[in-house]
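Shown next: structure_27.tsv, containing TSV, C-alpha atoms.
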chain	number	residue	atom	x	y	z
X	27	MET	CA	-26.27	20.73	3.25
X	28	SER	CA	-25.95	21.79	-0.36
X	29	ASP	CA	-22.43	22.86	-1.27
X	30	HIS	CA	-23.56	26.23	-2.59
X	31	CYS	CA	-26.64	27.45	-0.78
X	32	ASN	CA	-26.79	29.38	2.48
X	33	PHE	CA	-30.23	28.25	3.57
X	34	PRO	CA	-30.46	30.26	6.83
X	35	GLY	CA	-29.45	33.40	4.92
X	36	TRP	CA	-31.93	32.66	2.14
X	37	LEU	CA	-34.75	32.22	4.64
X	38	ALA	CA	-33.79	35.52	6.31
X	39	LEU	CA	-33.89	37.29	2.93
X	40	GLU	CA	-37.40	35.93	2.47
X	41	GLY	CA	-38.40	37.20	5.92
X	42	LEU	CA	-38.79	33.68	7.29
X	43	ARG	CA	-37.43	32.17	10.49
X	44	ALA	CA	-34.91	29.40	9.97
X	45	THR	CA	-36.92	26.69	11.73
X	46	PRO	CA	-35.52	23.14	11.85
X	47	VAL	CA	-38.24	21.85	9.51
X	48	ARG	CA	-37.80	24.64	6.93
X	49	LEU	CA	-34.05	24.04	6.95
X	50	ALA	CA	-34.57	20.29	6.64
X	51	VAL	CA	-36.83	20.73	3.59
X	52	LEU	CA	-34.27	22.98	1.88
X	53	GLU	CA	-31.35	20.69	2.76
X	54	ILE	CA	-33.16	17.59	1.48
X	55	LEU	CA	-34.02	19.31	-1.80
X	56	GLY	CA	-30.49	20.74	-2.06
X	57	GLU	CA	-28.95	17.28	-1.76
X	58	ALA	CA	-31.48	15.46	-3.95
X	59	LEU	CA	-30.34	14.19	-7.33
X	60	ARG	CA	-33.91	14.27	-8.64
X	61	ALA	CA	-37.22	15.98	-7.96
X	62	LEU	CA	-38.95	14.53	-4.89
X	63	ARG	CA	-42.57	13.94	-3.94
X	64	ALA	CA	-43.80	15.64	-0.76
X	65	GLN	CA	-44.21	12.20	0.82
X	66	GLU	CA	-40.55	11.40	0.16
X	67	ILE	CA	-39.47	14.68	1.75
X	68	LEU	CA	-41.70	13.98	4.76
X	69	GLU	CA	-40.24	10.47	5.19
X	70	LEU	CA	-36.67	11.78	5.01
X	71	ILE	CA	-37.37	14.44	7.65
X	72	ARG	CA	-39.04	11.84	9.89
X	73	THR	CA	-35.83	9.79	9.96
X	74	HIS	CA	-34.38	12.59	12.14
X	75	ARG	CA	-37.31	14.29	13.86
X	76	ARG	CA	-41.03	14.23	14.45
X	77	VAL	CA	-42.95	16.43	12.06
X	78	ASN	CA	-46.56	16.92	11.08
X	79	LYS	CA	-47.40	16.06	7.47
X	80	VAL	CA	-49.43	19.27	7.08
X	81	THR	CA	-46.44	21.36	8.18
X	82	VAL	CA	-44.25	19.93	5.41
X	83	TYR	CA	-46.98	20.45	2.79
X	84	ARG	CA	-47.50	24.07	3.93
X	85	ILE	CA	-43.76	24.76	3.83
X	86	LEU	CA	-43.53	23.34	0.30
X	87	GLU	CA	-46.48	25.46	-0.87
X	88	ASP	CA	-45.03	28.58	0.78
X	89	PHE	CA	-41.60	27.98	-0.77
X	90	THR	CA	-43.24	27.39	-4.15
X	91	ARG	CA	-45.24	30.62	-3.91
X	92	ARG	CA	-42.04	32.52	-3.01
X	93	GLY	CA	-40.12	30.97	-5.93
X	94	MET	CA	-37.69	29.10	-3.67
X	95	VAL	CA	-38.92	25.71	-4.87
X	96	ARG	CA	-40.26	24.56	-8.23
X	97	LYS	CA	-43.37	22.39	-8.21
X	98	LEU	CA	-43.51	19.93	-11.10
X	99	SER	CA	-46.95	18.72	-12.05
X	100	LEU	CA	-46.42	15.50	-13.93
X	101	GLU	CA	-48.49	12.56	-15.08
X	102	GLY	CA	-49.95	10.57	-12.24
X	103	ARG	CA	-51.17	13.72	-10.46
X	104	VAL	CA	-48.42	13.59	-7.83
X	105	SER	CA	-46.41	16.79	-7.70
X	106	HIS	CA	-42.64	16.70	-7.38
X	107	PHE	CA	-40.50	19.45	-5.88
X	108	GLU	CA	-36.98	20.71	-6.51
X	109	LEU	CA	-34.88	23.61	-5.32
X	110	ALA	CA	-35.14	26.79	-7.40
X	111	CYS	CA	-31.98	28.75	-6.75
X	112	GLU	CA	-29.06	29.94	-8.85
X	113	HIS	CA	-27.25	26.64	-8.18
X	114	HIS	CA	-30.23	24.58	-9.34
X	115	PRO	CA	-31.27	26.12	-12.68
X	116	PRO	CA	-34.43	25.08	-14.53
X	117	HIS	CA	-33.96	21.92	-16.57
X	118	PRO	CA	-36.05	19.32	-18.40
X	119	HIS	CA	-37.40	16.23	-16.67
X	120	PHE	CA	-38.30	12.73	-17.76
X	121	GLN	CA	-40.96	10.53	-16.17
X	122	CYS	CA	-40.55	6.82	-16.82
X	123	GLN	CA	-43.75	5.30	-18.20
X	124	THR	CA	-43.00	2.05	-16.33
X	125	CYS	CA	-41.87	2.94	-12.78
X	126	ARG	CA	-43.18	6.57	-12.87
X	127	GLU	CA	-39.91	7.87	-11.36
X	128	VAL	CA	-38.96	11.40	-12.35
X	129	GLN	CA	-35.40	12.00	-13.50
X	130	CYS	CA	-33.65	15.30	-14.05
X	131	LEU	CA	-32.13	15.78	-17.47
X	132	GLU	CA	-29.14	17.88	-18.35
X	133	PRO	CA	-30.05	21.53	-18.99
X	134	VAL	CA	-29.64	22.53	-22.61
X	135	THR	CA	-29.07	26.17	-23.49
X	136	LEU	CA	-30.44	27.58	-26.71
X	137	ASN	CA	-26.89	28.19	-27.98
X	138	ARG	CA	-25.95	24.58	-27.35
X	139	MET	CA	-29.19	23.31	-28.88
X	140	TRP	CA	-28.54	25.40	-31.96
X	141	THR	CA	-25.04	23.96	-32.40
X	142	GLU	CA	-26.37	20.41	-32.00
X	143	LEU	CA	-29.16	20.81	-34.53
X	144	ARG	CA	-28.64	18.71	-37.61
X	145	ASP	CA	-30.00	18.92	-41.09
X	146	PRO	CA	-33.82	18.66	-40.67
X	147	TRP	CA	-33.98	15.94	-43.33
X	148	ALA	CA	-31.29	13.78	-41.77
X	149	THR	CA	-32.27	10.56	-40.01
X	150	ALA	CA	-30.12	11.33	-36.94
X	151	PRO	CA	-31.77	12.70	-33.79
X	152	ILE	CA	-32.20	16.45	-33.77
X	153	ILE	CA	-30.54	16.85	-30.37
X	154	SER	CA	-27.89	14.61	-28.90
X	155	ILE	CA	-29.34	13.03	-25.78
X	156	SER	CA	-26.67	10.43	-25.15
X	157	LYS	CA	-25.84	11.95	-21.74
X	158	TRP	CA	-29.45	11.79	-20.56
X	159	PRO	CA	-30.09	8.85	-18.17
X	160	VAL	CA	-33.16	7.72	-20.09
X	161	SER	CA	-33.99	5.79	-23.17
X	162	ALA	CA	-35.78	8.63	-24.90
X	163	ILE	CA	-34.96	7.02	-28.22
X	164	ASN	CA	-36.46	3.60	-27.42
X	165	ALA	CA	-36.20	1.80	-30.73
X	166	GLY	CA	-39.41	0.02	-31.55
X	167	ALA	CA	-41.32	1.34	-28.54
X	168	PRO	CA	-44.83	2.66	-29.19
X	169	PRO	CA	-45.08	6.47	-29.09
X	170	GLY	CA	-45.45	7.71	-25.53
X	171	GLN	CA	-44.13	4.47	-24.03
X	172	LEU	CA	-40.70	5.63	-22.89
X	173	SER	CA	-38.93	3.89	-20.02
X	174	CYS	CA	-35.84	4.65	-17.99
X	175	ILE	CA	-32.71	2.58	-18.52
X	176	ARG	CA	-33.21	0.69	-15.23
X	177	CYS	CA	-36.72	-0.45	-16.25
X	178	ARG	CA	-35.59	-1.34	-19.76
X	179	GLU	CA	-32.86	-3.58	-18.32
X	180	THR	CA	-35.03	-5.04	-15.53
X	181	TYR	CA	-38.05	-5.85	-17.70
X	182	ALA	CA	-36.20	-6.42	-21.00
X	183	LEU	CA	-38.18	-3.62	-22.67
X	184	PRO	CA	-37.39	-2.48	-26.23
Mind turning the file's structure into structure tokens?
Amino acid sequence: MSDHCNFPGWLALEGLRATPVRLAVLEILGEALRALRAQEILELIRTHRRVNKVTVYRILEDFTRRGMVRKLSLEGRVSHFELACEHHPPHPHFQCQTCREVQCLEPVTLNRMWTELRDPWATAPIISISKWPVSAINAGAPPGQLSCIRCRETYALP
């Protein structure tokens, strides 16, 4: 279970019963280090219990409608889901153009962004992204062809 979230209490506040499948969806998203596809969530639940695919999809849609889960519509037409609570604030995402995996990037507040802005005519990047787990500054890569570090190392990409 997530270190911070009281999922049974959250469900009660939303007027929902704390069913095993609802709790499993929230716990999986609470422990995930990245946004997950519905199919991934379904497979993780099925390692512990039998569950209907439609049930998981309906729970995800209900949680999204209630604002408990964020639905990310990314390239490739497959939605990804992540928890949307005070312990999981909104943040940017990166989708690798090679493996299509979605990675969460460090949230950047406007105050922090402002302090990291450089002279607009300088050649340095506008925002420091050295902590991001992606190669968003792929030297020599064609525009729009950004790959994660794992793919760059595996396939010797620029």
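Here atom CA of Pro133 of chain X is placed at a distance of 9.4 Å from atom CA of His119 of chain X.
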Name the closest residue to Thr124 of chain X among the candidates X:Asn78, X:Thr90, X:Ser99, X:Ser173; distances are taken between atoms, counting all atoms listed in the file.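 Ranking X:Asn78, X:Thr90, X:Ser99, X:Ser173 by distance to Thr124 of chain X, first place goes to X:Ser173.
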How far is it from atom CA of Met94 of chain X to atom CA of Glu40 of chain X, in Å with one decimal?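 Atom CA of Met94 of chain X sits 9.2 Å away from atom CA of Glu40 of chain X.
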Using atom CA of Val95 of chain X and atom CA of Ala110 of chain X as the two end points, give the distance in Å to one decimal.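 Rounded to one decimal, the two atoms are 4.7 Å apart.
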Excluding Val77 of chain X and its own-chain neighbours fewer than 2 positions away, which residues fall within 12 Å of it when counting all atoms listed in the file? Please give them as a ChimeraX atom specification. /X:45-48,50-51,67-75,79-83,85
Would you fill out segment 29-41 of chain X with N, CA and C atoms and return it as an mmCIF file, in the coordinates of the input?
data_model
loop_
_atom_site.group_PDB
_atom_site.id
_atom_site.type_symbol
_atom_site.label_atom_id
_atom_site.label_comp_id
_atom_site.auth_asym_id
_atom_site.auth_seq_id
_atom_site.Cartn_x
_atom_site.Cartn_y
_atom_site.Cartn_z
ATOM 1 N N ASP X 29 -23.744 22.230 -1.243
ATOM 2 C CA ASP X 29 -22.430 22.860 -1.270
ATOM 3 C C ASP X 29 -22.482 24.360 -1.514
ATOM 4 N N HIS X 30 -23.543 24.856 -2.134
ATOM 5 C CA HIS X 30 -23.560 26.230 -2.590
ATOM 6 C C HIS X 30 -24.533 27.145 -1.865
ATOM 7 N N CYS X 31 -25.567 26.607 -1.296
ATOM 8 C CA CYS X 31 -26.640 27.450 -0.780
ATOM 9 C C CYS X 31 -26.509 27.723 0.711
ATOM 10 N N ASN X 32 -26.748 28.969 1.080
ATOM 11 C CA ASN X 32 -26.790 29.380 2.480
ATOM 12 C C ASN X 32 -28.260 29.446 2.871
ATOM 13 N N PHE X 33 -28.799 28.323 3.315
ATOM 14 C CA PHE X 33 -30.230 28.250 3.570
ATOM 15 C C PHE X 33 -30.707 29.183 4.681
ATOM 16 N N PRO X 34 -29.997 29.301 5.816
ATOM 17 C CA PRO X 34 -30.460 30.260 6.830
ATOM 18 C C PRO X 34 -30.487 31.691 6.293
ATOM 19 N N GLY X 35 -29.479 32.057 5.510
ATOM 20 C CA GLY X 35 -29.450 33.400 4.920
ATOM 21 C C GLY X 35 -30.565 33.604 3.911
ATOM 22 N N TRP X 36 -30.861 32.581 3.134
ATOM 23 C CA TRP X 36 -31.930 32.660 2.140
ATOM 24 C C TRP X 36 -33.283 32.842 2.820
ATOM 25 N N LEU X 37 -33.502 32.083 3.889
ATOM 26 C CA LEU X 37 -34.750 32.220 4.640
ATOM 27 C C LEU X 37 -34.876 33.628 5.220
ATOM 28 N N ALA X 38 -33.771 34.158 5.747
ATOM 29 C CA ALA X 38 -33.790 35.520 6.310
ATOM 30 C C ALA X 38 -34.133 36.542 5.230
ATOM 31 N N LEU X 39 -33.566 36.384 4.038
ATOM 32 C CA LEU X 39 -33.890 37.290 2.930
ATOM 33 C C LEU X 39 -35.368 37.241 2.566
ATOM 34 N N GLU X 40 -35.975 36.096 2.762
ATOM 35 C CA GLU X 40 -37.400 35.930 2.470
ATOM 36 C C GLU X 40 -38.277 36.359 3.637
ATOM 37 N N GLY X 41 -37.637 36.782 4.737
ATOM 38 C CA GLY X 41 -38.400 37.200 5.920
ATOM 39 C C GLY X 41 -38.960 36.039 6.710
#
